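Below is coords09.cif, holding mmCIF, C-alpha atoms.
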```cif
data_coords
loop_
_atom_site.label_atom_id
_atom_site.label_comp_id
_atom_site.auth_asym_id
_atom_site.auth_seq_id
_atom_site.Cartn_x
_atom_site.Cartn_y
_atom_site.Cartn_z
CA MET A 47 90.63 126.29 112.04
CA GLU A 48 91.40 127.65 108.58
CA ASN A 49 87.95 129.22 108.36
CA LYS A 50 88.35 130.78 111.83
CA ASN A 51 91.73 132.22 110.85
CA GLN A 52 90.21 133.58 107.65
CA ILE A 53 87.47 135.36 109.59
CA ILE A 54 90.12 136.91 111.85
CA GLU A 55 91.95 138.18 108.75
CA TYR A 56 88.72 139.60 107.33
CA LYS A 57 88.06 141.43 110.60
CA LYS A 58 91.58 142.90 110.51
CA GLU A 59 91.04 144.08 106.92
CA ILE A 60 87.75 145.72 107.84
CA ALA A 61 89.20 147.33 110.97
CA ASN A 62 92.05 148.75 108.90
CA LEU A 63 89.63 150.13 106.31
CA VAL A 64 87.27 151.81 108.79
CA SER A 65 90.14 153.23 110.86
CA ASN A 66 90.04 156.04 108.31
CA GLN A 67 87.06 157.98 109.69
CA GLN A 68 86.35 159.76 106.41
CA VAL A 69 86.23 156.48 104.48
CA PHE A 70 83.94 154.91 107.06
CA THR A 71 81.67 157.97 107.08
CA ASN A 72 81.37 157.74 103.29
CA LEU A 73 80.58 154.04 103.52
CA LEU A 74 77.82 154.66 106.08
CA GLN A 75 76.31 157.42 103.96
CA ILE A 76 76.52 155.75 100.55
CA THR A 77 77.01 151.99 100.78
CA PHE A 78 75.19 151.43 104.07
CA ASN A 79 72.70 154.27 104.07
CA GLY A 80 70.27 153.74 106.95
CA LEU A 81 72.31 151.06 108.73
CA SER A 82 73.84 151.32 112.17
CA LYS A 83 77.62 151.16 112.54
CA GLU A 84 77.35 147.65 114.00
CA ASN A 85 75.20 146.33 111.13
CA ALA A 86 77.49 147.94 108.57
CA LEU A 87 80.54 146.16 110.02
CA GLN A 88 78.62 142.87 110.14
CA ALA A 89 77.52 143.33 106.53
CA MET A 90 81.11 143.85 105.40
CA LEU A 91 82.22 140.71 107.22
CA GLU A 92 79.38 138.70 105.69
CA GLY A 93 80.25 140.09 102.28
CA ARG A 94 83.90 139.09 102.61
CA MET A 95 82.87 135.59 103.70
CA THR A 96 80.69 135.22 100.60
CA GLY A 97 83.43 136.27 98.19
CA PHE A 98 83.15 140.04 97.88
CA SER A 99 86.20 142.27 98.29
CA LEU A 100 86.33 145.48 100.30
CA GLN A 101 86.77 147.24 96.98
CA ASN A 102 83.37 145.91 95.95
CA PHE A 103 81.82 147.75 98.91
CA LEU A 104 83.73 150.95 98.12
CA GLN A 105 82.49 150.82 94.52
CA LYS A 106 78.98 149.84 95.69
CA ASP A 107 79.02 146.66 93.61
CA VAL A 108 77.61 145.16 96.78
CA TYR A 109 75.87 147.08 99.54
CA ALA A 110 73.39 146.56 102.34
CA ILE A 111 69.84 147.83 102.84
CA PRO A 112 67.83 147.97 106.08
CA PHE A 113 65.52 144.95 106.25
CA LYS A 114 63.32 143.90 109.17
CA ALA A 115 65.42 144.21 112.33
CA GLY A 116 68.72 144.02 110.47
CA TYR A 117 69.87 144.23 106.87
CA SER A 118 70.11 142.38 103.57
CA LEU A 119 73.14 142.27 101.31
CA VAL A 120 72.32 143.22 97.73
CA THR A 121 74.34 143.64 94.55
CA SER A 122 73.95 146.16 91.77
CA ILE A 123 72.59 144.94 88.44
CA ASP A 124 75.75 146.32 86.80
CA TYR A 125 77.92 144.11 88.99
CA ALA A 126 75.80 141.07 88.12
CA ARG A 127 76.19 141.92 84.44
CA LYS A 128 79.99 142.13 84.82
CA ILE A 129 80.04 138.71 86.48
CA GLY A 130 77.87 137.37 83.68
CA GLN A 131 80.25 138.65 81.01
CA LYS A 132 83.22 137.06 82.77
CA GLU A 133 81.36 133.75 82.81
CA GLY A 134 80.46 133.77 79.13
CA VAL A 135 77.25 135.78 78.82
CA VAL A 136 77.25 137.13 75.27
CA GLY A 137 73.86 138.80 75.06
CA VAL A 138 70.63 139.81 76.73
CA SER A 139 67.33 140.03 74.88
CA ALA A 140 65.07 143.05 74.93
CA PRO A 141 62.37 142.78 77.62
CA LYS A 142 59.08 141.21 76.55
CA TYR A 143 56.19 142.76 78.41
CA VAL A 144 52.65 141.46 78.76
CA GLU A 145 50.12 144.15 79.55
CA LYS A 146 46.43 144.20 80.43
CA ASP A 147 44.27 147.31 80.81
CA GLU A 148 47.39 149.45 80.29
CA LYS A 149 49.10 147.82 83.27
CA ILE A 150 52.18 145.59 83.20
CA VAL A 151 51.41 141.96 84.00
CA SER A 152 54.77 140.32 83.41
CA CYS A 153 58.21 140.71 81.88
CA GLU A 154 60.45 138.08 80.27
CA ILE A 155 64.15 138.37 79.47
CA THR A 156 66.53 135.83 77.93
CA VAL A 157 70.25 135.72 78.64
CA LYS A 158 72.56 134.09 76.10
CA LYS A 159 75.69 132.36 77.41
CA LEU A 160 78.49 130.59 75.59
CA VAL A 161 78.95 127.13 77.13
CA GLN A 162 81.61 124.81 75.65
CA GLY A 163 81.28 126.41 72.22
CA VAL A 164 77.49 126.40 72.23
CA ILE A 165 75.28 129.39 72.96
CA GLY A 166 72.59 128.47 75.45
CA GLU A 167 69.51 130.52 76.29
CA PHE A 168 68.35 131.13 79.86
CA SER A 169 64.95 132.80 80.15
CA ALA A 170 63.19 134.23 83.18
CA LEU A 171 59.56 135.31 83.45
CA VAL A 172 58.58 137.49 86.39
CA TYR A 173 55.23 138.94 87.38
CA PHE A 174 54.86 142.62 88.20
CA ASP A 175 52.48 142.28 91.15
CA GLU A 176 54.90 139.93 92.92
CA TYR A 177 57.45 142.74 93.20
CA TYR A 178 55.51 145.98 93.06
CA LYS A 179 53.85 147.41 96.16
CA SER A 180 52.40 150.89 95.87
CA ASN A 181 53.11 153.38 98.59
CA LYS A 182 50.75 156.09 99.78
CA TYR A 183 52.71 158.76 97.92
CA GLY A 184 52.95 156.94 94.58
CA ASN A 185 56.34 158.49 93.86
CA SER A 186 58.69 155.49 93.82
CA LEU A 187 60.61 154.40 90.72
CA TRP A 188 58.16 151.51 90.48
CA ASP A 189 55.47 154.13 89.86
CA THR A 190 57.45 156.40 87.55
CA LYS A 191 59.57 153.78 85.70
CA PRO A 192 57.75 150.46 86.10
CA ARG A 193 59.16 148.89 82.91
CA THR A 194 62.74 149.62 83.91
CA MET A 195 62.27 148.20 87.39
CA ILE A 196 60.57 144.94 86.47
CA ALA A 197 63.06 144.44 83.61
CA LYS A 198 65.93 144.59 86.14
CA VAL A 199 64.26 141.87 88.18
CA ALA A 200 63.71 139.67 85.12
CA GLU A 201 67.30 140.14 83.96
CA MET A 202 68.67 139.28 87.40
CA HIS A 203 66.61 136.08 87.47
CA ALA A 204 67.93 135.14 84.02
CA LEU A 205 71.53 135.92 85.03
CA ARG A 206 71.19 133.65 88.09
CA LYS A 207 69.98 130.86 85.84
CA ALA A 208 72.90 131.39 83.48
CA CYS A 209 75.50 131.70 86.26
CA PRO A 210 74.14 129.73 89.22
CA GLU A 211 77.46 129.19 91.02
CA GLU A 212 78.56 132.79 90.80
CA LEU A 213 75.21 134.50 91.40
CA GLN A 214 73.13 131.99 93.36
CA LYS A 215 73.20 134.17 96.49
CA ALA A 216 73.16 137.51 94.71
CA TYR A 217 69.99 139.61 94.76
CA ILE A 218 69.33 143.16 93.65
CA GLU A 219 67.50 145.75 95.73
CA GLU A 220 64.50 145.76 93.37
CA GLU A 221 63.71 142.18 94.45
CA TYR A 222 63.17 143.36 98.04
CA VAL A 223 61.02 146.41 97.38
CA ARG A 224 57.64 144.78 97.98
CA GLU A 225 58.68 143.11 101.24
CA ARG A 226 60.29 146.30 102.52
CA GLN A 227 57.22 148.35 101.64
CA VAL A 228 54.97 145.90 103.50
CA ILE A 229 57.26 146.11 106.55
CA GLU A 230 57.24 149.93 106.45
CA GLU A 231 53.45 150.00 106.19
CA GLU A 232 53.16 147.63 109.14
CA LYS A 233 55.46 149.93 111.16
CA GLU A 234 53.39 152.99 110.24
CA GLU A 235 50.16 151.20 111.12
CA LYS A 236 51.60 150.12 114.47
CA GLU A 237 52.67 153.71 115.23
CA GLU A 238 49.19 154.98 114.38
CA ILE A 239 47.60 152.40 116.69
CA LYS A 240 50.07 153.29 119.44
CA GLU A 241 49.26 156.99 119.13
CA GLY A 242 45.55 156.13 119.21
CA TRP A 243 45.86 154.37 122.56
CA LYS A 244 48.02 157.15 123.96
CA GLU A 245 45.31 159.63 122.96
CA LYS A 246 42.68 157.55 124.79
CA MET A 247 44.86 157.50 127.92
CA THR A 248 45.45 161.25 127.67
CA LYS A 249 41.70 161.89 127.86
CA CYS A 250 41.40 160.04 131.19
CA LYS A 251 40.51 162.25 134.14
CA THR A 252 40.89 159.68 136.90
CA ILE A 253 42.97 156.63 137.81
CA GLU A 254 39.81 154.53 137.39
CA GLU A 255 39.31 155.73 133.80
CA LEU A 256 42.97 155.05 133.03
CA GLY A 257 42.59 151.53 134.45
CA LYS A 258 39.58 150.89 132.20
CA VAL A 259 41.48 152.01 129.08
CA TRP A 260 44.46 149.87 130.09
CA SER A 261 42.30 146.77 130.58
CA ASP A 262 40.78 147.23 127.11
CA MET A 263 44.20 147.59 125.49
CA PRO A 264 45.56 144.54 123.57
CA GLY A 265 48.48 142.73 125.16
CA SER A 266 50.84 143.53 122.29
CA MET A 267 50.33 147.25 122.89
CA LYS A 268 50.75 146.91 126.68
CA ASN A 269 54.19 145.42 126.02
CA GLU A 270 55.34 148.55 124.19
CA LYS A 271 57.85 150.32 126.43
CA VAL A 272 56.78 153.81 125.37
CA VAL A 273 53.14 153.00 126.19
CA GLN A 274 54.09 151.57 129.60
CA GLU A 275 56.13 154.67 130.42
CA TYR A 276 53.30 156.96 129.34
CA LYS A 277 50.83 155.06 131.53
CA GLU A 278 53.11 155.46 134.57
CA GLU A 279 53.49 159.16 133.81
CA LEU A 280 49.71 159.60 133.71
CA LYS A 281 49.23 157.54 136.89
CA THR A 282 51.50 159.95 138.71
CA LYS A 283 49.55 162.95 137.41
CA LEU A 284 46.15 161.43 138.17
CA ALA A 285 46.99 159.97 141.59
CA PRO A 286 44.96 161.57 144.45
CA LYS A 287 47.01 164.26 146.17
CA THR A 288 47.67 164.33 149.88
CA GLU A 289 46.43 167.24 151.98
CA GLU A 290 49.98 168.54 152.21
CA GLU A 291 50.36 168.48 148.40
CA GLN A 292 47.04 170.28 147.99
CA VAL A 293 48.18 172.99 150.39
CA ILE A 294 51.46 173.44 148.51
CA GLU A 295 49.62 173.67 145.15
CA ALA A 296 47.27 176.29 146.61
CA GLU A 297 50.23 178.35 147.85
CA ILE A 298 51.88 178.16 144.42
CA GLU A 299 48.70 179.30 142.71
#
```

Render the structure in this file as structure tokens.
Amino acid sequence: MENKNQIIEYKKEIANLVSNQQVFTNLLQITFNGLSKENALQAMLEGRMTGFSLQNFLQKDVYAIPFKAGYSLVTSIDYARKIGQKEGVVGVSAPKYVEKDEKIVSCEITVKKLVQGVIGEFSALVYFDEYYKSNKYGNSLWDTKPRTMIAKVAEMHALRKACPEELQKAYIEEEYVRERQVIEEEKEEKEEIKEGWKEKMTKCKTIEELGKVWSDMPGSMKNEKVVQEYKEELKTKLAPKTEEEQVIEAEIE
């Protein structure tokens, strides 16, 4: 019951915050760029339930990025560093890179944390190709600043090791880049395939030809609403005309 009441309070807080249209517009543009209004509200509720304040969202300590059909909550590396300092992190080593053929292979960073009067070291080694995914334009920060990007990932891993309770569910956007890029490429490929089938249907001159193209089409493409609607549109255009319709067309011409 206490948890249910807490959720109700969180919803009231969020409703009060977004009642200011200008504030909510700013949140959608900056903190939740690319998210629908519904997903943004859900992300704020999830954030509150996992310990973030509404102020954290306003300051973009925590924000949400589009991911698959919904979103993923991510934190900024600066916020993770602030949490680390509060929990006793006293230093972070310089990144150690391993390179081969002038390409980054891995990066290692060590975080130093004071624990009961003793400084412990928490190291994390991450591999570049597990996080980097090139895009067709080659203009992402992973292409222009690869060392900076992989170092952020390594540092975040080390901070989670040093502060497991506080940061166990915290991830930075850089850790999602590869998965998001793969998803975007899959979407683009699907759109290209869809357009290819639509082009084949467009070239049909008769209902019979359209039927042949449709029978050759994979089931996954037949289930696409836009493809189904286009097929019906073409069927109407290609359907044999009645004598009355032919007469009317002749009169119009």

- Nearest to Cys209 in chain A, chosen from A:Pro286, A:Pro112, A:Gly130, A:Pro192, with all atoms listed in the file counted in the distances: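 When distances to Cys209 in chain A are compared using all atoms listed in the file, the smallest one comes from A:Gly130.
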
- Query: Evaluating the PyMOL selection byres ((chain A and resi 117) around 12) on the displayed file yields which residues, as a list of chain:residue names?
  - Reply: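 Selection result, ordered by chain and number: A:Phe78, A:Asn79, A:Gly80, A:Leu81, A:Ser82, A:Lys83, A:Glu84, A:Asn85, A:Ala86, A:Leu87, A:Gln88, A:Ala89, A:Met90, A:Glu92, A:Tyr109, A:Ala110, A:Ile111, A:Pro112, A:Phe113, A:Lys114, A:Ala115, A:Gly116, A:Ser118, A:Leu119, A:Val120, A:Glu219, A:Tyr222, A:Arg226.
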
- Task: Return as an NGL selection string the set of residues that the PyMOL selection byres ((chain A and resi 254-263) around 12) yields on the displayed structure.
- Result: :A and (239-240 or 242-253 or 264-270 or 273-274 or 276-286)

- Hits of the PyMOL selection byres ((chain A and resi 97) around 12) in this structure, as a ChimeraX atom specification: /A:52,56,90-96,98-103,108,211-213,215-216

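In this structure, CA of Ser65 in chain A sits 24.2 Å away from CA of Asn49 in chain A.
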
- Query: Using all atoms listed in the file, can you list as a PyMOL selection string the residues within 10 Å of (81.0, 154.2, 103.2)?
  - Reply: chain A and resi 64+67-79+86+103-106+109

- Message: Report, in Å to a single decimal, how far apart CA of Lys159 in chain A and CA of Lys132 in chain A are.
- Response: 10.4 Å

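Taking all atoms listed in the file into account, Gly166 in chain A lies nearest to A:Lys207 out of the set A:Lys50, A:Lys271, A:Lys57, A:Lys207.
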
- Task: Tell me, in Å to one decimal, how far CA of Lys149 in chain A is from CA of Asp124 in chain A.
- Result: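 Calculated distance between CA of Lys149 in chain A and CA of Asp124 in chain A is 26.9 Å.
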
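For the residues A:Ile123, A:Val164, A:Ala170, A:Val138, ranking by smallest atom-to-atom distance to Met195 in chain A using all atoms listed in the file places A:Ile123 first.
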
- Rank A:Tyr173, A:Tyr178, A:Trp188, A:Tyr217 by their smallest atom-to-atom distance to Lys142 in chain A, using only C-alpha atoms, and report the top residue only.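 The shortest atom-to-atom distance to Lys142 in chain A comes from A:Tyr173.
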
- Top pick for closest residue to Glu176 in chain A, considering A:Val157, A:Ile129, A:Ala140, A:Val151 and counting only C-alpha atoms: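 Of A:Val157, A:Ile129, A:Ala140, A:Val151, the one nearest Glu176 in chain A, counting only C-alpha atoms, is A:Val151.
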
- Note on the structure: The residue from A:Lys58, A:Glu220, A:Gly137, A:Glu145 with the smallest atom-to-atom distance to Thr194 in chain A, counting only C-alpha atoms, is A:Glu220
